[in-house]
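Undergrad: See structure_20.tsv below, with TSV, C-alpha atoms and all ligand atoms.
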```tsv
chain	number	residue	atom	x	y	z
A	22	MET	CA	0.00	0.00	0.00
A	23	LEU	CA	1.22	3.50	-0.90
A	24	TYR	CA	-0.14	6.58	0.92
A	25	ASP	CA	0.23	10.13	-0.37
A	26	ILE	CA	0.77	12.38	2.67
A	27	SER	CA	1.33	15.58	0.66
A	28	GLN	CA	-0.78	18.69	0.38
A	29	THR	CA	-1.68	19.79	-3.15
A	30	LEU	CA	0.16	22.94	-4.25
A	31	ARG	CA	-2.49	25.25	-5.72
A	32	PRO	CA	-3.46	28.95	-5.68
A	33	ASP	CA	-5.79	28.65	-2.69
A	34	LEU	CA	-3.31	26.67	-0.57
A	35	PRO	CA	-3.27	28.39	2.84
A	36	VAL	CA	0.15	29.87	3.66
A	37	TRP	CA	1.78	31.30	6.76
A	38	PRO	CA	0.22	34.73	7.48
A	39	GLY	CA	1.98	37.30	5.29
A	40	ASP	CA	3.88	34.73	3.23
A	41	THR	CA	3.83	34.40	-0.58
A	42	ALA	CA	0.80	32.73	-2.13
A	43	PHE	CA	1.24	29.94	-4.68
A	44	THR	CA	0.91	30.82	-8.37
A	45	LEU	CA	1.46	28.85	-11.57
A	46	ASN	CA	1.63	31.02	-14.69
A	47	ARG	CA	1.78	29.76	-18.24
A	48	THR	CA	4.89	31.08	-20.00
A	49	TRP	CA	3.93	29.29	-23.21
A	50	ALA	CA	0.40	28.03	-23.80
A	51	MET	CA	-0.14	25.40	-26.45
A	52	GLY	CA	-1.61	26.82	-29.65
A	53	PRO	CA	-0.75	27.61	-33.24
A	54	GLY	CA	3.06	27.58	-33.50
A	55	ILE	CA	3.40	26.72	-29.79
A	56	PRO	CA	3.73	22.96	-29.36
A	57	VAL	CA	3.92	22.83	-25.55
A	58	ASN	CA	2.68	24.20	-22.23
A	59	VAL	CA	5.43	25.62	-20.00
A	60	SER	CA	4.86	27.37	-16.67
A	61	ALA	CA	6.59	29.46	-14.06
A	62	LEU	CA	6.03	28.94	-10.34
A	63	THR	CA	5.91	31.45	-7.53
A	64	LEU	CA	5.76	29.92	-4.06
A	65	SER	CA	7.10	30.18	-0.56
A	66	THR	CA	9.77	27.63	0.26
A	67	HIS	CA	7.48	26.66	3.20
A	68	SER	CA	4.43	25.89	1.04
A	69	GLY	CA	2.35	22.85	1.91
A	70	SER	CA	4.34	19.73	2.78
A	71	HIS	CA	7.97	20.82	3.04
A	72	ALA	CA	11.42	20.13	4.49
A	73	ASP	CA	13.02	22.93	6.55
A	74	ALA	CA	16.76	23.33	5.99
A	75	PRO	CA	18.91	24.22	9.01
A	76	PHE	CA	19.47	27.66	7.41
A	77	HIS	CA	15.79	28.48	8.12
A	78	TYR	CA	16.51	28.72	11.85
A	79	ASP	CA	20.34	28.90	12.00
A	80	GLY	CA	22.18	31.55	9.98
A	81	ASP	CA	25.24	29.29	9.88
A	82	GLY	CA	23.21	26.18	9.02
A	83	LYS	CA	23.10	24.20	5.78
A	84	THR	CA	20.84	25.21	2.94
A	85	ILE	CA	18.51	22.60	1.49
A	86	ASP	CA	20.78	21.69	-1.45
A	87	ALA	CA	23.50	20.68	1.03
A	88	VAL	CA	21.53	18.47	3.44
A	89	ASP	CA	21.92	14.69	3.46
A	90	ALA	CA	19.06	13.28	1.37
A	91	ASN	CA	19.22	9.85	3.07
A	92	VAL	CA	17.36	11.03	6.15
A	93	TYR	CA	14.23	11.67	4.05
A	94	LEU	CA	14.12	8.02	2.92
A	95	GLY	CA	13.51	5.07	5.21
A	96	PRO	CA	11.45	3.63	8.05
A	97	ALA	CA	9.23	6.10	9.92
A	98	GLN	CA	6.72	5.63	12.73
A	99	ILE	CA	3.47	7.61	12.86
A	100	VAL	CA	2.57	8.44	16.47
A	101	ASP	CA	-0.68	9.76	17.93
A	102	ALA	CA	-0.94	13.25	19.40
A	103	ARG	CA	-4.48	13.92	18.21
A	104	GLY	CA	-6.28	16.55	20.23
A	105	ALA	CA	-3.08	17.96	21.69
A	106	SER	CA	-3.50	21.61	22.58
A	107	GLY	CA	-0.54	23.84	23.26
A	108	PHE	CA	2.43	21.51	23.16
A	109	VAL	CA	2.96	17.86	22.27
A	110	THR	CA	4.82	16.46	25.27
A	111	VAL	CA	7.38	13.78	26.10
A	112	GLU	CA	4.70	11.95	28.13
A	113	ARG	CA	2.33	11.79	25.17
A	114	ILE	CA	4.81	10.46	22.63
A	115	MET	CA	7.65	8.49	24.20
A	116	PRO	CA	5.52	5.54	25.44
A	117	GLN	CA	4.35	4.94	21.86
A	118	LEU	CA	7.83	4.84	20.35
A	119	HIS	CA	9.06	1.51	18.97
A	120	MET	CA	12.69	0.44	19.43
A	121	ASN	CA	15.21	1.87	17.00
A	122	VAL	CA	12.93	4.14	14.99
A	123	SER	CA	14.95	6.89	13.39
A	124	ARG	CA	12.06	8.87	11.91
A	125	VAL	CA	8.93	9.95	13.78
A	126	LEU	CA	5.83	11.52	12.24
A	127	ILE	CA	3.53	13.17	14.78
A	128	ARG	CA	-0.19	13.36	14.02
A	129	THR	CA	-1.87	16.18	15.96
A	130	TYR	CA	-5.05	16.50	13.89
A	131	GLN	CA	-7.92	14.11	13.38
A	132	THR	CA	-8.30	15.92	10.05
A	133	ALA	CA	-5.52	18.29	9.03
A	134	PRO	CA	-6.98	21.58	7.73
A	135	GLN	CA	-6.11	21.98	4.05
A	136	GLN	CA	-8.65	24.67	3.09
A	137	ILE	CA	-8.14	27.07	6.00
A	138	TRP	CA	-5.14	28.28	8.02
A	139	ASP	CA	-5.29	27.24	11.69
A	140	ASP	CA	-3.38	29.81	13.83
A	141	ASP	CA	-3.76	27.60	16.86
A	142	PHE	CA	-1.92	24.47	15.72
A	143	ALA	CA	-0.20	22.31	18.34
A	144	ALA	CA	3.54	22.88	18.76
A	145	ILE	CA	6.29	20.47	19.81
A	146	ASP	CA	7.74	20.74	23.32
A	147	PRO	CA	11.52	21.26	22.95
A	148	LEU	CA	11.98	18.59	25.64
A	149	LEU	CA	10.33	16.11	23.26
A	150	ILE	CA	12.88	17.02	20.59
A	151	GLU	CA	15.64	16.24	23.11
A	152	ALA	CA	14.03	12.95	24.16
A	153	LEU	CA	13.62	11.84	20.54
A	154	ALA	CA	17.22	12.77	19.72
A	155	ASP	CA	18.37	10.79	22.79
A	156	ARG	CA	16.57	7.76	21.33
A	157	GLY	CA	18.40	8.11	18.00
A	158	VAL	CA	15.64	9.84	16.03
A	159	LYS	CA	17.04	11.70	13.00
A	160	LEU	CA	13.88	13.15	11.49
A	161	ILE	CA	10.72	14.62	12.96
A	162	GLY	CA	7.65	15.22	10.83
A	163	VAL	CA	4.45	17.03	11.78
A	164	ASP	CA	0.99	17.63	10.31
A	165	THR	CA	1.18	21.31	11.36
A	166	PRO	CA	2.89	24.29	9.67
A	167	SER	CA	5.67	24.54	12.26
A	168	LEU	CA	7.31	22.82	15.25
A	169	ASP	CA	6.97	26.08	17.20
A	170	PRO	CA	3.78	28.05	17.90
A	171	GLN	CA	2.82	30.56	15.22
A	172	SER	CA	3.57	33.50	17.54
A	173	SER	CA	6.99	32.15	18.62
A	174	LYS	CA	9.96	34.47	18.22
A	175	LYS	CA	12.33	32.20	20.16
A	176	MET	CA	11.83	29.15	17.91
A	177	SER	CA	12.81	26.88	20.82
A	178	ALA	CA	11.82	23.59	19.16
A	179	HIS	CA	13.59	24.51	15.92
A	180	LEU	CA	16.68	25.50	17.92
A	181	ALA	CA	16.60	22.18	19.78
A	182	VAL	CA	16.48	20.48	16.38
A	183	ALA	CA	19.47	22.58	15.26
A	184	ARG	CA	21.47	21.62	18.36
A	185	ARG	CA	20.70	17.92	17.91
A	186	GLY	CA	21.04	17.84	14.11
A	187	LEU	CA	17.59	16.50	13.24
A	188	ALA	CA	15.76	16.98	9.96
A	189	ILE	CA	12.25	18.47	9.80
A	190	LEU	CA	9.17	17.80	7.68
A	191	GLU	CA	6.13	20.04	8.14
A	192	GLY	CA	2.64	20.25	6.66
A	193	LEU	CA	2.16	16.51	6.24
A	194	VAL	CA	-1.33	15.01	5.89
A	195	LEU	CA	-1.51	11.92	8.07
A	196	ASP	CA	-5.33	11.69	8.24
A	197	ALA	CA	-5.75	8.52	6.21
A	198	VAL	CA	-2.78	6.45	7.38
A	199	PRO	CA	-3.17	3.88	10.18
A	200	PHE	CA	-0.68	4.32	13.03
A	201	GLY	CA	2.42	2.20	12.51
A	202	VAL	CA	5.77	2.01	10.75
A	203	TYR	CA	6.19	2.70	7.02
A	204	GLU	CA	8.87	3.50	4.51
A	205	LEU	CA	9.00	7.31	4.21
A	206	ILE	CA	9.83	8.86	0.84
A	207	ALA	CA	9.94	12.68	1.05
A	208	LEU	CA	12.90	14.17	-0.79
A	209	PRO	CA	13.44	17.94	-0.88
A	210	LEU	CA	14.40	19.60	-4.17
A	211	LYS	CA	18.06	20.57	-4.60
A	212	ILE	CA	17.57	24.35	-4.56
A	213	ALA	CA	20.84	26.26	-4.08
A	214	GLY	CA	20.74	28.59	-1.09
A	215	ALA	CA	17.20	27.69	-0.07
A	216	ASP	CA	15.96	27.62	3.54
A	217	SER	CA	13.39	24.91	2.73
A	218	SER	CA	11.82	22.98	-0.11
A	219	PRO	CA	8.43	21.53	-0.88
A	220	VAL	CA	8.42	17.72	-0.88
A	221	ARG	CA	6.25	15.00	-2.37
A	222	ALA	CA	5.78	12.94	0.77
A	223	MET	CA	4.71	9.31	0.52
A	224	LEU	CA	4.48	6.37	2.92
A	225	ARG	CA	4.80	2.79	1.72
A	226	SER	CA	3.74	-0.22	3.72
A	227	LEU	CA	6.72	-2.30	4.86
A	301	LIG	N1	8.68	28.44	11.36
A	301	LIG	C1	7.85	28.07	10.25
A	301	LIG	C2	7.81	29.06	9.19
A	301	LIG	C3	7.89	30.43	9.60
A	301	LIG	O1	8.23	30.79	10.70
A	301	LIG	C4	7.51	31.36	8.58
A	301	LIG	C5	7.17	30.87	7.31
A	301	LIG	C6	6.83	31.76	6.33
A	301	LIG	C7	6.79	33.09	6.56
A	301	LIG	C8	7.12	33.57	7.81
A	301	LIG	C9	7.48	32.70	8.82
A	301	LIG	N2	7.83	33.15	10.07
A	301	LIG	C10	7.86	34.48	10.38
A	301	LIG	O2	8.06	34.87	11.52
A	301	LIG	C11	8.35	26.80	9.69
A	301	LIG	O3	8.98	26.11	10.43
A	301	LIG	O4	8.12	26.51	8.52
A	302	ZN	ZN	8.89	25.25	7.44
A	303	ZN	ZN	9.88	24.70	10.63
```
Using structure tokens, write down the structure from this file.

TA:
Amino acid sequence: MLYDISQTLRPDLPVWPGDTAFTLNRTWAMGPGIPVNVSALTLSTHSGSHADAPFHYDGDGKTIDAVDANVYLGPAQIVDARGASGFVTVERIMPQLHMNVSRVLIRTYQTAPQQIWDDDFAAIDPLLIEALADRGVKLIGVDTPSLDPQSSKKMSAHLAVARRGLAILEGLVLDAVPFGVYELIALPLKIAGADSSPVRAMLRSL
């Protein structure tokens, strides 16, 4: 079984307040003397389902073209934090964790909002980042737009990730996937200098 856990990039995709909306404009439109359609994209690097590069939250960090792609491919466990308000805690997640999982995808929504922007999404407690890193986790994925609350200026969860060298996926859609372990396939594009990249995120049954 193959599950698509990506949001669809489209003009009405909700984006972070104040950020660039998605557009797709035809540069060439098929017609007399024009044999093809070709388009130009405008989009935030944090549109929909995406991988943050360390440079997003650390001025000395790697940009997305320089990160190790291997971390975005391989076994990942989906864990249940549905209904969490405020922060997803160590107590909520760690008892669910299987042995030796190196990628953890945290589901906070019963149904992730794809038509509206939710300002009040659940954030990740920085202590949970530390606990996951201590267990050997290399990637954390969420079904929210950020690890930190929308209003955060400190970016404590992102900074914990930076300290511990984890990779981040945000904006996943985990609604339709039973809890368990899957093969994750969610490669970022190799965009020079970029702080993030959209991904096509998939889960395959093992
Ligand atoms: N922290 C968010 C993104 C973020 O903070 C952001 C994304 C787009 C436009 C502005 C943003 N933050 C501004 O304070 C993230 O992790 O993707
Ligand atoms: Zn992001
Ligand atoms: Zn982020």

Undergrad: Using only C-alpha atoms and all ligand atoms, determine which residues fall within 12 Å of ligand LIG 301 (chain A), then list them as a PyMOL selection string.

TA: chain A and resi 35-42+64-79+140+142+144-145+161-180+182+188-193+216-219

Undergrad: Calculated over all atoms listed in the file, which of the candidates A:Ala207, A:Ala61, A:Ile26, A:Ala152 has the smallest distance to Val194 of chain A?

TA: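 Smallest separation from Val194 of chain A among the options: A:Ile26.
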
Undergrad: Which one of A:Ala143, A:Met223, A:Ala215, A:Val57 sits closest to ligand ZN 302 (chain A) if you count all atoms listed in the file?

TA: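 With all atoms listed in the file as the atom set, the closest residue is A:Ala215.
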
Undergrad: Kindly indicate which residue among A:Thr48, A:Thr63, A:Gln28, A:Thr84 lies nearest to Gln135 of chain A, using only C-alpha atoms for the distances.

TA: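 Going through A:Thr48, A:Thr63, A:Gln28, A:Thr84 one by one, the smallest distance to Gln135 of chain A is for A:Gln28.
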
Undergrad: Identify which of the residues A:Ala183, A:Leu62, A:Leu208, A:Val122 lies closest to Thr44 of chain A, counting all atoms listed in the file when measuring atom-to-atom distances.

TA: A:Leu62

Undergrad: Pick out the closest residue to Met115 of chain A from this set: A:Leu30, A:Ala87, A:Leu153, A:Leu94. Count all atoms listed in the file.

TA: A:Leu153

Undergrad: Measure the distance from atom CA of Ala102 of chain A to atom CA of Leu126 of chain A in Å and round it to one decimal.

TA: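 Between atom CA of Ala102 of chain A and atom CA of Leu126 of chain A the gap is 10.0 Å.
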
Undergrad: If you measure from atom CA of Asp141 of chain A to atom CA of Arg128 of chain A, what distance in Å do you get, rounded to one decimal?

TA: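 Between atom CA of Asp141 of chain A and atom CA of Arg128 of chain A the gap works out to 15.0 Å.
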
Undergrad: Between atom CA of Ala97 of chain A and atom CA of Leu224 of chain A, what is the distance, to one decimal in Å?

TA: 8.5 Å

Undergrad: Using only C-alpha atoms, which residue out of A:Ile137, A:Gly201, A:Gly107, A:Arg47 lies closest to Asp33 of chain A?

TA: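 With only C-alpha atoms as the atom set, the closest residue is A:Ile137.
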
Undergrad: For a cut-off of 9 Å around (16.9, 13.1, 17.4), file coordinates, pick out all residues using only C-alpha atoms and list them as a PyMOL selection string.

TA: chain A and resi 123-124+150-161+182+185-188

Undergrad: Could you name the residues that touch Leu34 of chain A at 7 Å or less, counting only C-alpha atoms, but leaving out those on the same chain fewer than 3 positions away, as JSON, numbers by chain?

TA: {"A": [30, 31, 43, 136]}

Undergrad: Output C-alpha atoms for every residue in that selection, as a compact mmCIF listing (two decimals), in the coordinates of the input.

TA:
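Once everything was written out, this is again37.txt:
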```
# COMPACT_ATOMS: atom_id res chain seq x y z
CA LEU A 30 0.16 22.94 -4.25
CA ARG A 31 -2.49 25.25 -5.72
CA PHE A 43 1.24 29.94 -4.68
CA GLN A 136 -8.65 24.67 3.09
```

Undergrad: Kindly provide, as a list of chain:residue names, the polymer residues lying within 9 Å of (5.9, 6.5, 20.2), counting all atoms listed in the file and using the coordinates exactly as they appear in the file.

TA: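 Selection result: A:Gln98, A:Ile99, A:Val100, A:Asp101, A:Arg113, A:Ile114, A:Met115, A:Pro116, A:Gln117, A:Leu118, A:His119, A:Val125, A:Ile127.
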